[in-house]
file coords18.pdb (PDB, C-alpha atoms)
ATOM      1  CA  MET I 125      14.214 -28.536  -2.424
ATOM      2  CA  SER I 126      13.034 -24.921  -2.658
ATOM      3  CA  LEU I 127      10.352 -23.545  -0.334
ATOM      4  CA  ARG I 128       8.044 -23.222  -3.354
ATOM      5  CA  ASP I 129       8.415 -26.952  -4.076
ATOM      6  CA  VAL I 130       7.930 -27.790  -0.404
ATOM      7  CA  CYS I 131       4.685 -25.786  -0.305
ATOM      8  CA  PHE I 132       3.399 -27.600  -3.383
ATOM      9  CA  LYS I 133       4.288 -30.954  -1.817
ATOM     10  CA  CYS I 134       2.341 -30.000   1.325
ATOM     11  CA  LEU I 135      -0.753 -29.222  -0.750
ATOM     12  CA  GLU I 136      -0.438 -32.688  -2.291
ATOM     13  CA  ILE I 137      -0.143 -34.352   1.110
ATOM     14  CA  LEU I 138      -2.836 -32.387   2.943
ATOM     15  CA  GLU I 139      -5.413 -32.859   0.115
ATOM     16  CA  LYS I 140      -7.777 -30.122   1.308
ATOM     17  CA  PRO I 141      -8.040 -26.299   1.295
ATOM     18  CA  VAL I 142      -5.414 -25.107   3.798
ATOM     19  CA  SER I 143      -4.183 -21.763   5.081
ATOM     20  CA  ARG I 144      -0.607 -20.506   5.192
ATOM     21  CA  MET I 145      -0.534 -21.410   8.914
ATOM     22  CA  ASP I 146      -1.625 -24.984   8.153
ATOM     23  CA  VAL I 147       1.134 -25.333   5.570
ATOM     24  CA  THR I 148       3.739 -23.739   7.841
ATOM     25  CA  LYS I 149       2.804 -26.048  10.723
ATOM     26  CA  HIS I 150       3.032 -29.129   8.471
ATOM     27  CA  ILE I 151       6.461 -28.078   7.169
ATOM     28  CA  ILE I 152       7.873 -27.479  10.648
ATOM     29  CA  GLU I 153       6.365 -30.607  12.226
ATOM     30  CA  ASN I 154       7.758 -32.799   9.424
ATOM     31  CA  ASP I 155      11.074 -30.962   9.139
ATOM     32  CA  LEU I 156      10.598 -30.353   5.409
ATOM     33  CA  TYR I 157      12.453 -27.025   5.241
ATOM     34  CA  ASP I 158      15.099 -25.181   7.264
ATOM     35  CA  PHE I 159      13.661 -21.912   8.597
ATOM     36  CA  THR I 160      16.669 -21.192  10.831
ATOM     37  CA  ASN I 161      17.445 -17.816   9.239
ATOM     38  CA  THR I 162      13.813 -16.897   8.570
ATOM     39  CA  LEU I 163      12.276 -14.332  10.919
ATOM     40  CA  ARG I 164       8.653 -15.266  10.061
ATOM     41  CA  PRO I 165       8.243 -18.688   8.421
ATOM     42  CA  ASP I 166       4.495 -18.141   7.950
ATOM     43  CA  ALA I 167       5.142 -14.934   5.964
ATOM     44  CA  SER I 168       7.599 -16.752   3.669
ATOM     45  CA  VAL I 169       5.129 -19.594   3.134
ATOM     46  CA  SER I 170       2.321 -17.109   2.469
ATOM     47  CA  ALA I 171       4.409 -15.336  -0.171
ATOM     48  CA  GLU I 172       5.139 -18.612  -1.977
ATOM     49  CA  LEU I 173       1.498 -19.709  -1.882
ATOM     50  CA  GLY I 174       0.374 -16.323  -3.178
ATOM     51  CA  ASN I 175       2.920 -16.486  -5.978
ATOM     52  CA  PHE I 176       1.247 -19.606  -7.391
ATOM     53  CA  ILE I 177      -1.857 -17.468  -7.968
ATOM     54  CA  ARG I 178      -0.169 -14.221  -9.003
ATOM     55  CA  ARG I 179       2.025 -15.982 -11.541
ATOM     56  CA  GLY I 180      -0.873 -17.871 -13.068
ATOM     57  CA  ASP I 181       0.182 -21.383 -12.012
ATOM     58  CA  VAL I 182      -3.046 -23.260 -12.781
ATOM     59  CA  ARG I 183      -2.018 -26.245 -10.636
ATOM     60  CA  VAL I 184      -2.962 -24.309  -7.490
ATOM     61  CA  GLN I 185      -6.294 -22.662  -6.675
ATOM     62  CA  GLN I 186      -7.239 -20.121  -4.038
ATOM     63  CA  THR I 187     -10.431 -19.562  -2.039
ATOM     64  CA  LYS I 188     -11.391 -17.932   1.260
ATOM     65  CA  ASP I 189     -12.964 -19.232   4.426
ATOM     66  CA  LYS I 190     -15.770 -17.502   6.320
ATOM     67  CA  SER I 191     -13.217 -15.334   8.143
ATOM     68  CA  ASN I 192     -11.905 -14.088   4.778
ATOM     69  CA  VAL I 193      -8.578 -15.917   5.185
ATOM     70  CA  TYR I 194      -7.029 -17.312   2.000
ATOM     71  CA  LEU I 195      -6.965 -21.095   1.561
ATOM     72  CA  TYR I 196      -5.032 -23.024  -1.083
ATOM     73  CA  TYR I 197      -5.593 -26.419  -2.756
ATOM     74  CA  LEU I 198      -4.578 -28.341  -5.875
ATOM     75  CA  SER I 199      -6.705 -28.001  -9.001
ATOM     76  CA  LYS I 200      -6.633 -31.758  -9.559
ATOM     77  CA  ASN I 201      -8.466 -32.248  -6.229
ATOM     78  CA  GLU I 202     -11.224 -29.728  -6.968
ATOM     79  CA  THR I 203     -13.917 -32.266  -7.906
ATOM     80  CA  LEU I 204     -13.209 -34.250  -4.730
ATOM     81  CA  LEU I 205     -13.465 -31.091  -2.619
ATOM     82  CA  ILE I 206     -16.608 -29.635  -4.185
ATOM     83  CA  ASP I 207     -18.808 -30.015  -1.092
ATOM     84  CA  GLN I 208     -16.171 -28.536   1.170
ATOM     85  CA  LEU I 209     -15.551 -25.623  -1.203
ATOM     86  CA  LEU I 210     -19.247 -24.852  -1.428
ATOM     87  CA  SER I 211     -19.539 -24.777   2.365
ATOM     88  CA  LEU I 212     -16.570 -22.401   2.553
ATOM     89  CA  ASN I 213     -18.119 -20.025   0.051
ATOM     90  CA  THR I 214     -21.703 -19.982   1.342
ATOM     91  CA  ASN I 215     -21.246 -16.402   2.514
ATOM     92  CA  ASP I 216     -18.743 -15.327  -0.097
ATOM     93  CA  LYS I 217     -19.401 -12.557  -2.645
ATOM     94  CA  ASN I 218     -23.146 -12.346  -2.051
ATOM     95  CA  THR I 219     -22.859 -11.379   1.603
ATOM     96  CA  ILE I 220     -19.249 -10.299   2.225
ATOM     97  CA  GLU I 221     -18.651  -6.697   1.238
ATOM     98  CA  LEU I 222     -15.314  -6.299  -0.508
ATOM     99  CA  PHE I 223     -12.931  -3.767   0.964
ATOM    100  CA  LYS I 224     -12.958  -0.289  -0.517
ATOM    101  CA  GLU I 225     -10.069   1.602  -2.032
ATOM    102  CA  LYS I 226     -10.272   4.149   0.773
ATOM    103  CA  ASP I 227      -9.798   1.356   3.350
ATOM    104  CA  LEU I 228      -6.228   1.045   2.072
ATOM    105  CA  HIS I 229      -5.312   4.649   2.886
ATOM    106  CA  ILE I 230      -4.562   3.971   6.550
ATOM    107  CA  ILE I 231      -2.392   0.993   5.519
ATOM    108  CA  LEU I 232      -0.246   3.182   3.278
ATOM    109  CA  SER I 233      -0.144   5.883   5.957
ATOM    110  CA  THR I 234       1.079   3.343   8.516
ATOM    111  CA  PHE I 235       3.754   2.074   6.120
ATOM    112  CA  ILE I 236       5.188   5.492   5.245
ATOM    113  CA  LYS I 237       4.838   6.878   8.787
ATOM    114  CA  SER I 238       7.747   4.588   9.704
ATOM    115  CA  GLU I 239       9.818   6.814   7.383
ATOM    116  CA  LYS I 240       8.497   9.968   9.128
ATOM    117  CA  ILE I 241       6.292  10.860   6.180
ATOM    118  CA  TYR I 242       3.093  12.677   7.220
ATOM    119  CA  SER I 243       0.188  11.807   4.905
ATOM    120  CA  LYS I 244      -3.351  13.076   4.387
ATOM    121  CA  THR I 245      -6.254  11.745   2.323
ATOM    122  CA  ILE I 246      -7.579  14.423  -0.014
ATOM    123  CA  LEU I 247     -11.338  14.068  -0.214
ATOM    124  CA  HIS I 248     -12.470  14.871  -3.749
ATOM    125  CA  GLU I 249     -15.887  15.852  -2.434
ATOM    126  CA  LYS I 250     -14.193  18.818  -0.756
ATOM    127  CA  ASN I 251     -13.319  20.293  -4.142
ATOM    128  CA  LYS I 252     -14.835  23.758  -4.472
ATOM    129  CA  LYS I 253     -15.726  23.002  -8.071
ATOM    130  CA  ASN I 254     -17.348  19.673  -8.906
ATOM    131  CA  ASP I 255     -15.701  19.514 -12.322
ATOM    132  CA  LYS I 256     -15.506  16.059 -13.915
ATOM    133  CA  ASN I 257     -12.688  17.360 -16.125
ATOM    134  CA  GLN I 258     -10.522  17.576 -12.990
ATOM    135  CA  ILE I 259     -10.760  13.843 -12.218
ATOM    136  CA  TRP I 260      -7.091  13.315 -13.121
ATOM    137  CA  THR I 261      -5.866  16.381 -11.227
ATOM    138  CA  ASN I 262      -6.519  15.626  -7.566
ATOM    139  CA  PRO I 263      -4.275  13.068  -5.811
ATOM    140  CA  ASP I 264      -5.803  10.507  -3.440
ATOM    141  CA  ILE I 265      -3.188  11.107  -0.741
ATOM    142  CA  VAL I 266      -0.578  13.818  -0.226
ATOM    143  CA  ALA I 267       2.340  13.704   2.163
ATOM    144  CA  VAL I 268       5.297  15.689   3.441
ATOM    145  CA  LYS I 269       8.663  14.661   4.824
ATOM    146  CA  PHE I 270      10.859  17.141   6.648
ATOM    147  CA  GLU I 271      14.487  16.522   5.730
ATOM    148  CA  ASN I 272      17.694  17.751   7.355
ATOM    149  CA  TYR I 273      15.454  18.735  10.255
ATOM    150  CA  ASP I 274      17.526  19.262  13.401
ATOM    151  CA  ASN I 275      15.225  21.460  15.496
ATOM    152  CA  THR I 276      17.709  24.317  15.828
ATOM    153  CA  THR I 277      16.733  27.957  15.516
ATOM    154  CA  GLU I 278      19.726  28.657  13.268
ATOM    155  CA  HIS I 279      18.640  25.926  10.890
ATOM    156  CA  PHE I 280      15.236  27.514  10.354
ATOM    157  CA  LEU I 281      16.724  30.976   9.909
ATOM    158  CA  LYS I 282      18.400  29.780   6.698
ATOM    159  CA  VAL I 283      15.288  30.632   4.699
ATOM    160  CA  ILE I 284      17.246  30.650   1.460
ATOM    161  CA  ASN I 285      17.625  26.879   1.760
ATOM    162  CA  ILE I 286      14.081  26.169   2.979
ATOM    163  CA  ILE I 287      13.225  24.166  -0.151
ATOM    164  CA  ASP I 288      15.866  21.631   0.940
ATOM    165  CA  LEU I 289      14.115  21.087   4.262
ATOM    166  CA  PHE I 290      11.078  19.194   2.967
ATOM    167  CA  LYS I 291       9.756  16.990   0.178
ATOM    168  CA  LEU I 292       6.144  16.655  -0.971
ATOM    169  CA  TYR I 293       4.666  13.309  -2.035
ATOM    170  CA  SER I 294       1.571  12.348  -4.033
ATOM    171  CA  TYR I 295      -0.074   8.908  -4.057
ATOM    172  CA  GLU I 296      -2.696   7.417  -6.401
ATOM    173  CA  MET I 297      -4.446   4.439  -4.769
ATOM    174  CA  LYS I 298      -5.957   1.344  -6.440
ATOM    175  CA  ARG I 299      -7.382  -1.838  -4.926
ATOM    176  CA  GLU I 300      -5.595  -4.098  -7.407
ATOM    177  CA  ILE I 301      -3.866  -4.053 -10.781
ATOM    178  CA  LYS I 302      -4.322  -7.296 -12.692
ATOM    179  CA  SER I 303      -3.698  -6.496 -16.356
ATOM    180  CA  ASP I 304      -1.523  -4.354 -18.571
ATOM    181  CA  ASN I 305      -4.525  -2.186 -19.492
ATOM    182  CA  GLU I 306      -5.322  -1.564 -15.823
ATOM    183  CA  LEU I 307      -1.674  -0.723 -15.181
ATOM    184  CA  LYS I 308      -1.468   1.792 -18.017
ATOM    185  CA  GLU I 309      -4.659   3.599 -16.979
ATOM    186  CA  ALA I 310      -3.674   3.714 -13.293
ATOM    187  CA  TYR I 311      -0.071   4.687 -14.017
ATOM    188  CA  PHE I 312      -0.922   7.644 -16.228
ATOM    189  CA  GLN I 313      -3.604   8.771 -13.799
ATOM    190  CA  ALA I 314      -0.906   8.774 -11.112
ATOM    191  CA  LEU I 315       1.387  10.697 -13.469
ATOM    192  CA  SER I 316      -1.286  13.323 -14.070
ATOM    193  CA  ASN I 317      -2.230  13.633 -10.400
ATOM    194  CA  SER I 318       1.370  13.791  -9.181
ATOM    195  CA  SER I 319       2.969  16.197 -11.654
ATOM    196  CA  TRP I 320       3.276  18.909  -8.979
ATOM    197  CA  ALA I 321       5.048  16.820  -6.290
ATOM    198  CA  ASN I 322       8.677  15.958  -5.565
ATOM    199  CA  TYR I 323       7.736  12.261  -5.605
ATOM    200  CA  GLY I 324       4.712  10.571  -7.179
ATOM    201  CA  TYR I 325       3.576   6.995  -6.508
ATOM    202  CA  LEU I 326       1.002   4.504  -7.763
ATOM    203  CA  VAL I 327      -0.113   2.238  -4.896
ATOM    204  CA  ALA I 328      -2.171  -0.982  -4.911
ATOM    205  CA  PHE I 329      -2.845  -3.858  -2.534
ATOM    206  CA  ASN I 330      -2.450  -6.561  -5.163
ATOM    207  CA  ILE I 331      -0.337  -6.251  -8.320
ATOM    208  CA  ASN I 332       0.153  -9.025 -10.840
ATOM    209  CA  THR I 333       3.849  -9.933 -10.614
ATOM    210  CA  ASN I 334       3.935 -10.329 -14.396
ATOM    211  CA  LEU I 335       3.572  -6.528 -14.559
ATOM    212  CA  TYR I 336       6.670  -5.751 -12.478
ATOM    213  CA  GLU I 337       8.985  -5.367 -15.466
ATOM    214  CA  GLU I 338       6.528  -3.062 -17.257
ATOM    215  CA  ILE I 339       6.228  -0.986 -14.062
ATOM    216  CA  LYS I 340      10.008  -0.605 -13.981
ATOM    217  CA  ARG I 341      10.052   0.363 -17.665
ATOM    218  CA  LEU I 342       7.373   3.014 -17.127
ATOM    219  CA  ASN I 343       9.236   4.240 -14.053
ATOM    220  CA  LYS I 344      12.420   4.660 -16.084
ATOM    221  CA  SER I 345      10.535   6.710 -18.696
ATOM    222  CA  PHE I 346       8.195   8.792 -16.535
ATOM    223  CA  GLY I 347       9.503   8.615 -12.959
ATOM    224  CA  ILE I 348       6.336   7.606 -11.096
ATOM    225  CA  GLY I 349       7.132   5.005  -8.428
ATOM    226  CA  CYS I 350       5.026   2.002  -7.437
ATOM    227  CA  ILE I 351       4.225   0.449  -4.054
ATOM    228  CA  GLU I 352       2.490  -2.889  -3.462
ATOM    229  CA  LEU I 353       0.887  -2.977  -0.015
ATOM    230  CA  SER I 354       0.919  -6.121   2.121
ATOM    231  CA  SER I 355      -1.284  -7.281   4.971
ATOM    232  CA  ASN I 356       2.004  -7.526   6.866
ATOM    233  CA  ILE I 357       2.257  -3.755   6.464
ATOM    234  CA  TYR I 358       5.990  -3.333   6.946
ATOM    235  CA  ASP I 359       6.659  -5.969   4.277
ATOM    236  CA  SER I 360       4.992  -3.757   1.669
ATOM    237  CA  LYS I 361       7.201  -3.494  -1.423
ATOM    238  CA  ILE I 362       8.498  -0.488  -3.302
ATOM    239  CA  ILE I 363       8.545  -2.100  -6.745
ATOM    240  CA  ALA I 364      10.050   1.052  -8.255
ATOM    241  CA  PRO I 365      11.212   4.172  -6.382
ATOM    242  CA  ALA I 366       9.859   7.512  -7.576
ATOM    243  CA  ARG I 367      12.174   9.961  -9.325
ATOM    244  CA  LEU I 368      12.843  13.286  -7.601
ATOM    245  CA  ASN I 369      11.208  16.241  -9.389
ATOM    246  CA  GLU I 370      11.121  19.956  -8.728
ATOM    247  CA  LEU I 371       7.919  21.271  -7.173
ATOM    248  CA  ASP I 372       5.356  22.827  -9.509
ATOM    249  CA  PHE I 373       4.146  25.730  -7.363
ATOM    250  CA  ASP I 374       1.581  26.891  -9.925
ATOM    251  CA  THR I 375      -0.217  23.536  -9.733
ATOM    252  CA  ILE I 376       0.169  23.425  -5.939
ATOM    253  CA  ASN I 377      -1.537  26.812  -5.694
ATOM    254  CA  LYS I 378      -4.279  25.679  -8.068
ATOM    255  CA  LEU I 379      -4.948  22.538  -5.998
ATOM    256  CA  ALA I 380      -4.921  24.539  -2.761
ATOM    257  CA  LYS I 381      -7.501  26.965  -4.140
ATOM    258  CA  ASN I 382      -9.723  24.102  -5.312
ATOM    259  CA  ASN I 383      -9.593  21.705  -2.339
ATOM    260  CA  THR I 384      -9.868  22.689   1.330
ATOM    261  CA  ASP I 385      -8.090  19.530   2.579
ATOM    262  CA  PHE I 386      -5.094  20.167   0.337
ATOM    263  CA  ASN I 387      -5.033  23.854   1.258
ATOM    264  CA  GLU I 388      -4.983  23.080   4.997
ATOM    265  CA  PHE I 389      -2.269  20.453   4.538
ATOM    266  CA  ILE I 390       0.002  22.903   2.686
ATOM    267  CA  LYS I 391      -0.759  25.661   5.190
ATOM    268  CA  LEU I 392       0.184  23.504   8.200
ATOM    269  CA  SER I 393       3.344  22.240   6.490
ATOM    270  CA  ARG I 394       4.386  25.808   5.682
ATOM    271  CA  LYS I 395       3.850  26.872   9.294
ATOM    272  CA  VAL I 396       6.221  24.151  10.505
ATOM    273  CA  LEU I 397       8.927  25.346   8.127
ATOM    274  CA  SER I 398       8.493  29.066   8.819
ATOM    275  CA  ASN I 399       9.020  28.857  12.584
ATOM    276  CA  THR I 400      12.149  30.013  14.368
ATOM    277  CA  ASP I 401      10.882  29.091  17.819
ATOM    278  CA  ILE I 402      11.750  25.468  18.627
ATOM    279  CA  GLU I 403       8.897  24.835  21.091
ATOM    280  CA  ASP I 404       6.332  26.416  18.790
ATOM    281  CA  THR I 405       7.652  24.300  15.915
ATOM    282  CA  GLU I 406       7.038  21.141  17.928
ATOM    283  CA  VAL I 407       3.472  22.290  18.635
ATOM    284  CA  ARG I 408       2.856  22.915  14.957
ATOM    285  CA  LEU I 409       4.354  19.569  13.999
ATOM    286  CA  ASN I 410       1.888  17.980  16.407
ATOM    287  CA  ASN I 411      -0.982  19.958  14.848
ATOM    288  CA  LEU I 412       0.047  18.695  11.402
ATOM    289  CA  ASN I 413       0.186  15.143  12.737
ATOM    290  CA  LEU I 414      -3.318  15.469  14.203
ATOM    291  CA  PHE I 415      -4.659  16.759  10.879
ATOM    292  CA  CYS I 416      -3.028  13.919   8.927
ATOM    293  CA  ASN I 417      -4.229  10.328   8.588
ATOM    294  CA  THR I 418      -3.956   8.113  11.632
ATOM    295  CA  SER I 419      -1.780   5.010  11.549
ATOM    296  CA  LEU I 420      -2.437   1.512  12.858
ATOM    297  CA  GLU I 421      -0.746   0.211  15.979
ATOM    298  CA  ASN I 422       0.600  -3.345  15.736
ATOM    299  CA  ASP I 423      -2.148  -4.723  17.991
ATOM    300  CA  ASP I 424      -4.870  -3.213  15.772
ATOM    301  CA  ILE I 425      -3.619  -4.344  12.358
ATOM    302  CA  GLU I 426      -5.132  -7.846  12.202
ATOM    303  CA  LYS I 427      -8.497  -6.645  13.547
ATOM    304  CA  TYR I 428      -8.601  -3.818  10.983
ATOM    305  CA  PHE I 429      -7.986  -6.224   8.096
ATOM    306  CA  LYS I 430     -10.732  -8.560   9.308
ATOM    307  CA  ASP I 431     -13.210  -5.734   9.916
ATOM    308  CA  LYS I 432     -12.648  -4.355   6.406
ATOM    309  CA  ASN I 433     -12.587  -7.803   4.742
ATOM    310  CA  ILE I 434      -9.088  -7.203   3.396
ATOM    311  CA  PRO I 435      -7.440 -10.577   2.617
ATOM    312  CA  ILE I 436      -4.720 -11.592   5.049
ATOM    313  CA  GLU I 437      -1.857 -13.299   3.273
ATOM    314  CA  GLU I 438       1.140 -12.608   5.491
TER     315      GLU I 438
END
call {"tool": "encode", "arguments": {"input": "coords18.pdb", "output": "structure tokens"}}
result
Amino acid sequence: MSLRDVCFKCLEILEKPVSRMDVTKHIIENDLYDFTNTLRPDASVSAELGNFIRRGDVRVQQTKDKSNVYLYYLSKNETLLIDQLLSLNTNDKNTIELFKEKDLHIILSTFIKSEKIYSKTILHEKNKKNDKNQIWTNPDIVAVKFENYDNTTEHFLKVINIIDLFKLYSYEMKREIKSDNELKEAYFQALSNSSWANYGYLVAFNINTNLYEEIKRLNKSFGIGCIELSSNIYDSKIIAPARLNELDFDTINKLAKNNTDFNEFIKLSRKVLSNTDIEDTEVRLNNLNLFCNTSLENDDIEKYFKDKNIPIEE
């Protein structure tokens, strides 16, 4: 029996709204599935439970408790559970503020920091010109990765190859992408905002799995990658990797002139690359890191998600 089938069977047996931990505990206590080679059984169970919802399986419903943790139950039991469901949702949408798009920035920054990618949120309010026609020009987040970086003076003296020492990234952030129309609008906004960068990405916390194939088709045609963030940050998925492009320095200069955050980010990155003094380079790398977005430590992740009312699935 597959884990998906086992999870469904548990929902039948438990007959009430239950969390991923409840289901995992029931499976282990009753020896319903072999988790021997599974690092985190609760994460695997959470993924299967979430897939019922994302794939539109109407047999399973989802709600949240007062701590904003997802609970799952069978549709056929809904009328029997009405009182319990109402008590769970007494402080739902009317009093719980949904997380904001900007709350996801630190999650992405934490995910890509593990790949030594330095990222910075570009505040649109810091644009020198408040031009509504530029709405699809400014990226939400920019980032730099220093490649072939060995901290030797000789390496930095090879100025002719300096373009090979770094890559610039651009990210367009969305809370969720549920439909094909939402995907198309977000994807082409990401394409517009990321035309200048080596790599451009569309990022969202929740993406309908039915859209994965369309994302891959768009990626093949236009090259913009796609990342789906997870509450278990390091399990975030790169649905499609971005295609490598040459830098568009004219657009980079235009963005730098228009936005002070972007200008400072480019300036600090350039200073790192232009140094021939190893110790000074380390200082400037640290200055860039301080200017960039912070990242979450493992002990802070769960608290951050709860504070921001971001659903915890894994």
call {"tool": "atom_distance", "arguments": {"input": "coords18.pdb", "atom1": "atom CA of Ile363 of chain I", "atom2": "atom CA of Tyr293 of chain I"}}
result
16.6 Å
call {"tool": "resolve_selection", "arguments": {"input": "coords18.pdb", "expression": "the PyMOL selection byres ((chain I and resi 291) around 6)", "output": "JSON, numbers by chain"}}
result
{"I": [268, 269, 290, 292, 322]}
call {"tool": "closest_residue", "arguments": {"input": "coords18.pdb", "among": "I:Phe329, I:Phe132, I:Tyr336, I:Tyr295", "to": "Asn317 of chain I", "atoms": "only C-alpha atoms"}}
result
I:Tyr295
call {"tool": "resolve_selection", "arguments": {"input": "coords18.pdb", "expression": "the PyMOL selection byres ((chain I and resi 178-191) around 7)", "output": "JSON, numbers by chain"}}
result
{"I": [174, 175, 176, 177, 192, 193, 194, 195, 196, 197, 198, 199, 212, 213, 215, 332, 333, 334]}
call {"tool": "resolve_selection", "arguments": {"input": "coords18.pdb", "expression": "the PyMOL selection byres ((chain I and resi 394-396) around 9)", "output": "list of chain:residue names"}}
result
I:Phe389, I:Ile390, I:Lys391, I:Leu392, I:Ser393, I:Leu397, I:Ser398, I:Asn399, I:Asp404, I:Thr405, I:Glu406, I:Val407, I:Arg408, I:Leu409, I:Leu412
call {"tool": "atom_distance", "arguments": {"input": "coords18.pdb", "atom1": "atom CA of Ile246 of chain I", "atom2": "atom CA of Ser294 of chain I"}}
result
10.2 Å
call {"tool": "closest_residue", "arguments": {"input": "coords18.pdb", "among": "I:Leu326, I:Asn387, I:Ala321, I:Phe270", "to": "Leu307 of chain I", "atoms": "only C-alpha atoms"}}
result
I:Leu326
call {"tool": "closest_residue", "arguments": {"input": "coords18.pdb", "among": "I:Arg367, I:Ala267, I:Met297, I:Ile331", "to": "Ile236 of chain I", "atoms": "all atoms listed in the file"}}
result
I:Ala267
call {"tool": "closest_residue", "arguments": {"input": "coords18.pdb", "among": "I:His150, I:His248, I:Lys133, I:Arg128", "to": "Asn382 of chain I", "atoms": "only C-alpha atoms"}}
result
I:His248
call {"tool": "closest_residue", "arguments": {"input": "coords18.pdb", "among": "I:Ala380, I:Ile362, I:Ile357, I:Ala314", "to": "Thr234 of chain I", "atoms": "only C-alpha atoms"}}
result
I:Ile357
call {"tool": "atom_distance", "arguments": {"input": "coords18.pdb", "atom1": "atom CA of Tyr311 of chain I", "atom2": "atom CA of Gly349 of chain I"}}
result
9.1 Å
call {"tool": "closest_residue", "arguments": {"input": "coords18.pdb", "among": "I:Leu342, I:Ala328, I:Ile436, I:Leu247", "to": "Met145 of chain I", "atoms": "all atoms listed in the file"}}
result
I:Ile436
call {"tool": "residues_near_point", "arguments": {"input": "coords18.pdb", "point": "(-6.9, -1.2, 4.8)", "cutoff": "10 Å", "atoms": "only C-alpha atoms", "output": "ChimeraX atom specification"}}
result
/I:223-234,299,329,353-355,357,420,425,428-435
call {"tool": "residues_near_point", "arguments": {"input": "coords18.pdb", "point": "(0.0, 9.4, 14.1)", "cutoff": "12 Å", "atoms": "all atoms listed in the file", "output": "JSON, numbers by chain"}}
result
{"I": [230, 233, 234, 235, 236, 237, 238, 240, 241, 242, 243, 244, 409, 410, 411, 412, 413, 414, 415, 416, 417, 418, 419, 420, 421]}
